[in-house]
Amino acid sequence: NAGVTQTPKFQVLKTGQSMTLQCAQDMNHNSMYWYRQDPGMGLRLIYYSASEGTTDKGEVPNGYNVSRLNKREFSLRLESAAPSQTSVYFCASRRDGVFPGELFFGEGSRLTVL
Amino acid sequence: EDQVTQSPEALRLQEGESSSLNCSYTVSGLRGLFWYRQDPGKGPEFLFTLYSAGEEKEKERLKATLTKKESFLHITAPKPEDSATYLCAVQGKESQGNLIFGKGTKLSVKP
């Protein structure tokens with residue numbers, strides 16, 4: 001019953017450092033997403049992947065890169081972290097179908113950039 | 001541009017005091033409206049999907065309704081364990097499958 005698993009859960013970086021957030025889902029979903037959540041801003045889409053081998057920008061993609069490694073895994077990379085990227089990051093997946101299905105979220109990765 | 005506005009930002013209720021949360025939306029062709037519950041330090045947890053005006057869904061003390069411009073999440077006789085932030089999201093026909101989220105309503109239920 002793992003669902004969507006994110007690692008790490010917590011991370012502190014210095015400005016300019018790089019890191020990768022990992023996400024894996026075991027529900028055989030095609031679509032996967034990365035959101036960030038900031039106080040007073042709600043959830044904002046960073047990047048998404050409609051299927052293995054495809055990725056597209058969301059609302060706030062600047063400063064991030066993603067890789068859809070296979071159907072299960074979707075990673076988010078910060079090449080040169082900035083304090084503005086301090087946030088809680090959520091990975092999500094969704095089944096596809098005629099009617100839009102709900103998103104399944106991971107527990108979140110809490111990132112602080114000093 | 002698709003938009004979702006939730007009100008109020010915060011709501012404090014006494015146990016047993018029923019109330020409603022509002023989600024107003026503008027979207028180019030609604031494909032679905034979603035309600036989520038988020039507990040502190042956790043990811044959002046799916047509650048309901050509504051697809052068309054007039055539709056209603058229920059789960060325990062929660063009931064979600066949908067009109068052409070807004071959705072309501074009615075909470076009947078809430079308990080302290082209903083305390084959480086409730087998020088509303090929409091998917092429009094032009095959104096390429098992506099969901100647009102509101103900022104949420106933080107509900108506190110006091111015993």
# chains A, B, ... in the order shown; residues from 1 in each chain; ligands from 1
call {"tool": "select_by_dssp", "arguments": {"residues": "chain A", "states": "strand (DSSP E)", "output": "PyMOL selection string"}}
result
chain A and resi 4-7+10-13+19-25+31-38+42-49+56-57+64-68+74-78+87-94+103-105+109-113
call {"tool": "closest_atom_pairs", "arguments": {"of": "chain B", "to": "chain A", "cutoff": "12 Å", "atoms": "only C-alpha atoms", "output": "JSON lines"}}
result
{"residue": "B:Glu1", "atom": "CA", "partner": "A:Glu59", "partner_atom": "CA", "distance": 11.8}
{"residue": "B:Asp2", "atom": "CA", "partner": "A:Glu59", "partner_atom": "CA", "distance": 11.9}
{"residue": "B:Gln3", "atom": "CA", "partner": "A:Gly42", "partner_atom": "CA", "distance": 11.9}
{"residue": "B:Val4", "atom": "CA", "partner": "A:Gly42", "partner_atom": "CA", "distance": 10.3}
{"residue": "B:Thr5", "atom": "CA", "partner": "A:Gly42", "partner_atom": "CA", "distance": 10.5}
{"residue": "B:Gln6", "atom": "CA", "partner": "A:Gly42", "partner_atom": "CA", "distance": 10.5}
{"residue": "B:Glu9", "atom": "CA", "partner": "A:Gly40", "partner_atom": "CA", "distance": 9.4}
{"residue": "B:Ala10", "atom": "CA", "partner": "A:Gly40", "partner_atom": "CA", "distance": 11.8}
{"residue": "B:Leu30", "atom": "CA", "partner": "A:Pro100", "partner_atom": "CA", "distance": 10.5}
{"residue": "B:Arg31", "atom": "CA", "partner": "A:Pro100", "partner_atom": "CA", "distance": 6.9}
{"residue": "B:Gly32", "atom": "CA", "partner": "A:Pro100", "partner_atom": "CA", "distance": 6.4}
{"residue": "B:Leu33", "atom": "CA", "partner": "A:Pro100", "partner_atom": "CA", "distance": 9.3}
{"residue": "B:Phe34", "atom": "CA", "partner": "A:Glu102", "partner_atom": "CA", "distance": 7.3}
{"residue": "B:Trp35", "atom": "CA", "partner": "A:Glu102", "partner_atom": "CA", "distance": 9.3}
{"residue": "B:Tyr36", "atom": "CA", "partner": "A:Glu102", "partner_atom": "CA", "distance": 9.4}
{"residue": "B:Arg37", "atom": "CA", "partner": "A:Phe105", "partner_atom": "CA", "distance": 11.3}
{"residue": "B:Gln38", "atom": "CA", "partner": "A:Glu107", "partner_atom": "CA", "distance": 10.3}
{"residue": "B:Asp39", "atom": "CA", "partner": "A:Glu107", "partner_atom": "CA", "distance": 10.3}
{"residue": "B:Pro40", "atom": "CA", "partner": "A:Glu107", "partner_atom": "CA", "distance": 10.4}
{"residue": "B:Gly41", "atom": "CA", "partner": "A:Glu107", "partner_atom": "CA", "distance": 7.6}
{"residue": "B:Lys42", "atom": "CA", "partner": "A:Glu107", "partner_atom": "CA", "distance": 5.1}
{"residue": "B:Gly43", "atom": "CA", "partner": "A:Glu107", "partner_atom": "CA", "distance": 4.6}
{"residue": "B:Pro44", "atom": "CA", "partner": "A:Phe105", "partner_atom": "CA", "distance": 6.1}
{"residue": "B:Glu45", "atom": "CA", "partner": "A:Phe105", "partner_atom": "CA", "distance": 7.1}
{"residue": "B:Phe46", "atom": "CA", "partner": "A:Glu102", "partner_atom": "CA", "distance": 6.7}
{"residue": "B:Leu47", "atom": "CA", "partner": "A:Glu102", "partner_atom": "CA", "distance": 9.0}
{"residue": "B:Phe48", "atom": "CA", "partner": "A:Glu102", "partner_atom": "CA", "distance": 8.4}
{"residue": "B:Thr49", "atom": "CA", "partner": "A:Glu102", "partner_atom": "CA", "distance": 7.3}
{"residue": "B:Leu50", "atom": "CA", "partner": "A:Pro100", "partner_atom": "CA", "distance": 10.0}
{"residue": "B:Tyr51", "atom": "CA", "partner": "A:Phe99", "partner_atom": "CA", "distance": 8.4}
{"residue": "B:Ser52", "atom": "CA", "partner": "A:Phe99", "partner_atom": "CA", "distance": 11.5}
{"residue": "B:Thr85", "atom": "CA", "partner": "A:Gly42", "partner_atom": "CA", "distance": 11.0}
{"residue": "B:Tyr86", "atom": "CA", "partner": "A:Gly42", "partner_atom": "CA", "distance": 11.1}
{"residue": "B:Leu87", "atom": "CA", "partner": "A:Gly42", "partner_atom": "CA", "distance": 8.6}
{"residue": "B:Cys88", "atom": "CA", "partner": "A:Gly42", "partner_atom": "CA", "distance": 10.1}
{"residue": "B:Ala89", "atom": "CA", "partner": "A:Leu43", "partner_atom": "CA", "distance": 9.6}
{"residue": "B:Val90", "atom": "CA", "partner": "A:Pro100", "partner_atom": "CA", "distance": 10.1}
{"residue": "B:Gln91", "atom": "CA", "partner": "A:Pro100", "partner_atom": "CA", "distance": 7.8}
{"residue": "B:Gly92", "atom": "CA", "partner": "A:Pro100", "partner_atom": "CA", "distance": 9.9}
{"residue": "B:Lys93", "atom": "CA", "partner": "A:Pro100", "partner_atom": "CA", "distance": 10.4}
{"residue": "B:Ser95", "atom": "CA", "partner": "A:Gly58", "partner_atom": "CA", "distance": 10.1}
{"residue": "B:Gln96", "atom": "CA", "partner": "A:Ala50", "partner_atom": "CA", "distance": 9.1}
{"residue": "B:Gly97", "atom": "CA", "partner": "A:Pro100", "partner_atom": "CA", "distance": 7.4}
{"residue": "B:Asn98", "atom": "CA", "partner": "A:Leu45", "partner_atom": "CA", "distance": 8.2}
{"residue": "B:Leu99", "atom": "CA", "partner": "A:Leu45", "partner_atom": "CA", "distance": 8.3}
{"residue": "B:Ile100", "atom": "CA", "partner": "A:Arg44", "partner_atom": "CA", "distance": 7.7}
{"residue": "B:Phe101", "atom": "CA", "partner": "A:Leu43", "partner_atom": "CA", "distance": 5.9}
{"residue": "B:Gly102", "atom": "CA", "partner": "A:Gly42", "partner_atom": "CA", "distance": 6.0}
{"residue": "B:Lys103", "atom": "CA", "partner": "A:Gly42", "partner_atom": "CA", "distance": 4.1}
{"residue": "B:Gly104", "atom": "CA", "partner": "A:Gly42", "partner_atom": "CA", "distance": 7.0}
{"residue": "B:Thr105", "atom": "CA", "partner": "A:Gly42", "partner_atom": "CA", "distance": 10.5}
{"residue": "B:Lys106", "atom": "CA", "partner": "A:Gly40", "partner_atom": "CA", "distance": 11.4}
call {"tool": "residues_around", "arguments": {"residues": "A:Ile46", "least_positions_apart": "6", "cutoff": "10 Å", "atoms": "only C-alpha atoms", "output": "list in words"}}
result
Tyr33, Trp34, Tyr35, Arg36, Asp56, Lys57, Gly58, Glu59, Val60, Pro61, Asn62, Gly63, Tyr64, Asn65, Val66, Leu76, Tyr89 and Phe90 of chain A
call {"tool": "closest_residue", "arguments": {"among": "B:Leu66, B:Cys23, B:Ala53, B:Leu13", "to": "B:Asp82", "atoms": "only C-alpha atoms"}}
result
B:Leu13
call {"tool": "residues_around", "arguments": {"residues": "B:Gln14", "least_positions_apart": "6", "cutoff": "8 Å", "atoms": "only C-alpha atoms", "output": "number ranges by chain"}}
result
B: 78, 109-111
call {"tool": "closest_residue", "arguments": {"among": "B:Ser83, B:Thr26, B:Ser7, B:Ser108", "to": "B:Lys69", "atoms": "only C-alpha atoms"}}
result
B:Thr26
call {"tool": "closest_residue", "arguments": {"among": "A:Val12, A:Met19, A:Ala2, A:Ala24", "to": "A:Leu69", "atoms": "only C-alpha atoms"}}
result
A:Ala24
call {"tool": "atom_distance", "arguments": {"atom1": "atom CA of A:Cys23", "atom2": "atom CA of A:Ser93"}}
result
9.7 Å
call {"tool": "atom_distance", "arguments": {"atom1": "atom CA of A:Leu13", "atom2": "atom CA of A:Ser75"}}
result
17.4 Å
call {"tool": "atom_distance", "arguments": {"atom1": "atom CA of A:Thr7", "atom2": "atom CA of A:Ser67"}}
result
15.0 Å
call {"tool": "decode", "arguments": {"residues": "stretch 51-78 of chain A", "atoms": "C-alpha atoms", "output": "PDB file, in the first residue's frame"}}
result
ATOM      1  CA  SER A  51       3.555   9.468 -19.917  1.00  0.00           C
ATOM      2  CA  GLU A  52       6.957   7.846 -19.794  1.00  0.00           C
ATOM      3  CA  GLY A  53       9.386   9.847 -21.904  1.00  0.00           C
ATOM      4  CA  THR A  54       7.404  13.103 -21.916  1.00  0.00           C
ATOM      5  CA  THR A  55       7.593  16.131 -19.639  1.00  0.00           C
ATOM      6  CA  ASP A  56       5.985  19.565 -19.777  1.00  0.00           C
ATOM      7  CA  LYS A  57       6.273  22.824 -17.882  1.00  0.00           C
ATOM      8  CA  GLY A  58       3.664  23.886 -15.412  1.00  0.00           C
ATOM      9  CA  GLU A  59       3.005  27.260 -13.818  1.00  0.00           C
ATOM     10  CA  VAL A  60       6.380  27.770 -12.062  1.00  0.00           C
ATOM     11  CA  PRO A  61       9.134  25.784 -13.877  1.00  0.00           C
ATOM     12  CA  ASN A  62      12.038  28.245 -13.632  1.00  0.00           C
ATOM     13  CA  GLY A  63      15.004  26.897 -11.679  1.00  0.00           C
ATOM     14  CA  TYR A  64      13.908  23.265 -11.945  1.00  0.00           C
ATOM     15  CA  ASN A  65      14.463  20.292 -14.217  1.00  0.00           C
ATOM     16  CA  VAL A  66      12.701  16.944 -14.256  1.00  0.00           C
ATOM     17  CA  SER A  67      13.319  13.432 -15.478  1.00  0.00           C
ATOM     18  CA  ARG A  68      10.723  10.743 -16.084  1.00  0.00           C
ATOM     19  CA  LEU A  69      13.054   7.818 -15.581  1.00  0.00           C
ATOM     20  CA  ASN A  70      10.429   5.141 -16.238  1.00  0.00           C
ATOM     21  CA  LYS A  71       6.709   4.703 -15.639  1.00  0.00           C
ATOM     22  CA  ARG A  72       7.190   4.534 -11.862  1.00  0.00           C
ATOM     23  CA  GLU A  73       9.696   7.312 -11.216  1.00  0.00           C
ATOM     24  CA  PHE A  74       9.676  11.078 -11.713  1.00  0.00           C
ATOM     25  CA  SER A  75      12.494  13.181 -10.251  1.00  0.00           C
ATOM     26  CA  LEU A  76      12.818  16.930  -9.694  1.00  0.00           C
ATOM     27  CA  ARG A  77      16.240  18.582  -9.779  1.00  0.00           C
ATOM     28  CA  LEU A  78      17.356  21.934  -8.468  1.00  0.00           C
TER      29      LEU A  78
END
